[in-house]
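**Q** Got a structure for you, questions after.
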Amino acid sequence: MEWNSPVSTLKGIGEQRERKLQKLDIYTIEDLLTHYPREYKDRSEIIKIADLPMDEPSTFLAQIKEEGQNSRHGRLVYTRMKVYDETGSVGVLWYNQPYMKNSLKMGEWYLFSGKLQKKYGRKEILSPECERIGENFAGGRIIPVYPASVGISQKMLRNLMEEALSQMSGGMREELPLWLRKEYKLAERNFAIENIHFPKTEQGFYDARRRLVFEELFILQTALYQLKNTLEDSGEGIILKKKKALQEGEALLPFALTNAQKRVLKEIEKDMTSGKIMNRLVQGDVGSGKTAVAIITAYWAIKNGYQATIMAPTEVLANQHFESFQKIFEPVGIEVVLLTGSLKAKEKRETLEKVANGEAQMIVGTHAVIQKGVEFYKLGLAITDEQHRFGVRQRSTLADKGENVHTLVMTATPIPRTLALILYGDLDISIIDELPPGRQKIDTSAVDSRYHQRIYAFIQKHVAAGRQAYVICPMIEESEKLEVQSVLNYTEELVKELPDCRVACVHGKMKAKEKQEIMDGFAAGNIDVLVSTTVIEVGINVPNATIMLIENAERFGLAQLHQLRGRVGRGSEKSYCILVSDTKTKVAKERMKTMTESEDGFVISEKDLKLRGPGEFFGIRQHGLPELKIADLYKDMAILKEAQSAAAELLKKDRALEAVDHQLLREHIEGYLEEKSLEM
């Protein structure tokens, strides 16, 4: 059997079972054996029936000596039987599993695991797991528990793992070179795969996990470093001259730059005069002034005879940027155009013509700027905003619209540095860690829904004083499954609750034009209260809005709550963020506490990573973070640093991975980049 053999080659897998496994992304033997356990149950200690403790998970051996009985109470089917060992007997009970009566065979011994509980005067083991014990039974063991789906039981997965390990025994190829395994004290691959599924000792499990976590992070990091090398090797970068244009660009702004902005511009200047292609990420909290840096950099590129473009993830944000660039550039004779999917055919044709003949020097748009048919006259600088919503491939597609184009990437989502190294391993990173002077602290409070009347009165008071408010809901329509405020229903409710306020709503299912009209109305002060989904998370700038009310705040991650809060506090007036949540879970309480205590996006992002883990950090998978099968970027920080060092060391020794003992590794990394191309 081969590593890439279809999983259907295993005994007992027919078409139906194969389809169920595919729901877990299991197609091959490799997919199966890298479907790692999410936790383990310790069944190594077997106790006697007479010694079973109350209300504690226990494992015991027992024999079937009498037939079980099925009985019905309403919709519930009860299956009861007594099981025995040499110290006595105990009752076992299953709910709605009538087949258990016949599946346990008379005279056979079984290993049972469950809790002894007292209900209605009876002591019984409720819904125990059990497996038949053969003659070769050598004692209890650590049992893996896997991520599963409907129709695939834990027992089935364990049996398939055992069968696959038996078939592959010793035949899993080793991709990490021997020198690397020795230097970082890593277990051999066959040992690691076997012991991650069925650890024989505690040390065996730790050695197996360390090896597999290291391997996963090492492959990812090596792939990103290689991508970066490819970008660096792809040609000489455009060398920008006329440095005086940087000072001119700065003078166009109606405010002074912070020291952090000046530092980042120095780093950009160094990149764009070095002869290499710039690939730089500018990270900065909401309101830290990334757009100002982009405007100055674009002005410099344009003054050197090139075009500049900025790609935003939404039409709302693209419109916002268009207004910002137009306001600064048009008075000095630089033509700015907007390119989005909602342009009418004639407008689009005229805009594309201006982009192609060089008449348009600054092009602002959504992903429409990377579509076929968009030809630039002389593109020199490509900027992407809110980068985590795009990916490496989309960014390189934009850069490919010209020759040796410099790339500047911006994000207002504060990302812990180690995570940024994984997400943006192909970029150099700059951080704007200073807010412009005069920005006021936003008062943040966390309350439950009993406070609604007080909140409404508070909103009315501020609207009467000429201010505006945002209200954020996590859903568009009511769902029977989730008791969360829906935008449409909540808007109707607010119209009644706030009779003196002009209330409107906006959400992602609206047509772009309709959405833009409402956003423009709010920005112009014609709407007092804007009810919205997270569509306003990025891109809308209304300095007069001073209240951010977030309903069902527990349904948002910390990073997202912080982004939403950043929509207020943009003017000179005192601003407020109110988080409403009735959820009392530990994680929800921790989140609310963090939001009320900190305004530092990087502190908040570290906490978010700790509470939710990297898989959920950005809310949706498309945000570019490769899905990790075993590594936990918070827990495995030390291993991540080792893997990064190892990847750098490997590529220093053999940049193209041409050495004989690096061949398998090179194949794996090429396949990895191919497979992840959509996500990365």
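Residues are named by chain letter and number: chains run A, B, ... in the order of the structure tokens, numbers start at 1 in each chain, and ligands are numbered from 1 in the order shown.
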Select from region 93-302 of chain A everything DSSP, run on the backbone, classes as strand (DSSP E), then give the selection as number ranges by chain.
**A** A: 93-95, 109-119, 122-126, 129-132, 142-145, 279-284
**Q** Pull the closest atom pair for each residue of region 145-165 of chain A that gets at most 9 Å from region 190-211 of chain A, along with the distance in Å to one decimal, counting only C-alpha atoms, ordering rows by chain and then ascending residue number, as CSV.
**A**
```
residue,atom,partner,partner_atom,distance
A:Arg158,CA,A:His197,CA,8.4
A:Met161,CA,A:His197,CA,7.6
A:Glu162,CA,A:Phe198,CA,8.6
A:Leu165,CA,A:Glu194,CA,6.9
```
**Q** So which residues touch Arg122 (chain A) within 12 Å, counting only C-alpha atoms, skipping near sequence neighbours fewer than 4 positions away, as a ChimeraX atom specification?
**A** /A:80,90-93,116-118,126
**Q** Between A:Leu240, A:Cys501, A:Ala148, A:Val471, which is the closest to Val531 (chain A) once you count only C-alpha atoms?
**A**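 For Val531 (chain A), the nearest of the candidates is A:Val471.
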**Q** Distance CA of Ala457 (chain A)-CA of Asp443 (chain A), one decimal place?
**A**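 Pair CA of Ala457 (chain A) / CA of Asp443 (chain A) returns 17.1 Å.
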**Q** Please provide as a list of chain:residue names all residues within 6 Å of region 65-68 of chain A, with the sequence filter that same-chain residues fewer than 4 positions apart are discarded (counting only C-alpha atoms).
**A**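 Selected residues are A:Arg80, A:Met81, A:Lys101, A:Met106, A:Gly107.
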**Q** With N, CA and C atoms retained, write the just-selected residues as a short mmCIF file (atom, residue, chain, number, x, y, z; two decimals), in the first residue's frame.
**A**
```cif
data_model
loop_
_atom_site.label_atom_id
_atom_site.label_comp_id
_atom_site.auth_asym_id
_atom_site.auth_seq_id
_atom_site.Cartn_x
_atom_site.Cartn_y
_atom_site.Cartn_z
N ARG A 80 -31.16 -2.20 28.75
CA ARG A 80 -30.49 -2.47 30.03
C ARG A 80 -29.96 -3.89 30.05
N MET A 81 -28.80 -4.07 30.71
CA MET A 81 -28.31 -5.42 30.98
C MET A 81 -27.36 -5.38 32.16
N LYS A 101 -28.63 -4.62 22.46
CA LYS A 101 -29.15 -5.85 23.09
C LYS A 101 -28.58 -7.10 22.40
N MET A 106 -23.22 -13.40 24.26
CA MET A 106 -23.19 -14.17 25.49
C MET A 106 -21.84 -14.86 25.67
N GLY A 107 -21.29 -14.76 26.87
CA GLY A 107 -20.03 -15.44 27.18
C GLY A 107 -18.79 -14.65 26.83
#
```
**Q** DSSP on the backbone: which residues in region 148-321 of chain A end up as alpha helix (DSSP H)? Give the answer as a PyMOL selection string.
**A** chain A and resi 154-168+178-183+189-197+202-233+244-252+259-272+290-303+315-321
**Q** At a cut-off of 6 Å, using only C-alpha atoms, what residues contact Val83 (chain A)? Leave out same-chain residues fewer than 2 positions from it and give the result as a short mmCIF file (atom, residue, chain, number, x, y, z; two decimals) with C-alpha atoms, in the first residue's frame.
**A**
```cif
data_model
loop_
_atom_site.label_atom_id
_atom_site.label_comp_id
_atom_site.auth_asym_id
_atom_site.auth_seq_id
_atom_site.Cartn_x
_atom_site.Cartn_y
_atom_site.Cartn_z
CA ALA A 62 -16.81 -7.50 32.17
CA GLN A 63 -18.45 -10.64 30.77
CA ILE A 64 -21.94 -10.97 29.27
CA SER A 89 -21.96 -7.17 38.68
CA VAL A 90 -23.11 -3.75 37.52
#
```
**Q** How many Å lie between CA of Arg280 (chain A) and CA of Ala647 (chain A), rounded to one decimal?
**A**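 Between these atoms lies a distance of 20.6 Å.
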**Q** Show me, as a list in words, the residues that have an atom within 9 Å of Gln644 (chain A) when counting only C-alpha atoms, minus same-chain residues fewer than 2 positions from it.
**A** Leu217, Phe218, Gln221, Thr222, Ile639, Leu640, Lys641, Glu642, Ala646, Ala647, Ala648 and Glu649 of chain A
**Q** Which of these residues is nearest to Phe602 (chain A), using only C-alpha atoms: A:Asn229, A:Thr59, A:Thr297, A:Gln563?
**A** A:Gln563
**Q** So which one's closest to Ala656 (chain A), A:Ser486, A:Thr9, A:Ser169, A:Gln226? Using only C-alpha atoms, please.
**A**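 Closest candidate: A:Gln226.
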**Q** Leaving out Lys593 (chain A) and any residue of its chain fewer than 5 positions from it, which residues lie within 10 Å of it when counting only C-alpha atoms, given as a list in words?
**A**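 Counting only C-alpha atoms, the residues come to Thr444, Ser445, Ala446, Val587, Ala588 and Ser598 of chain A.
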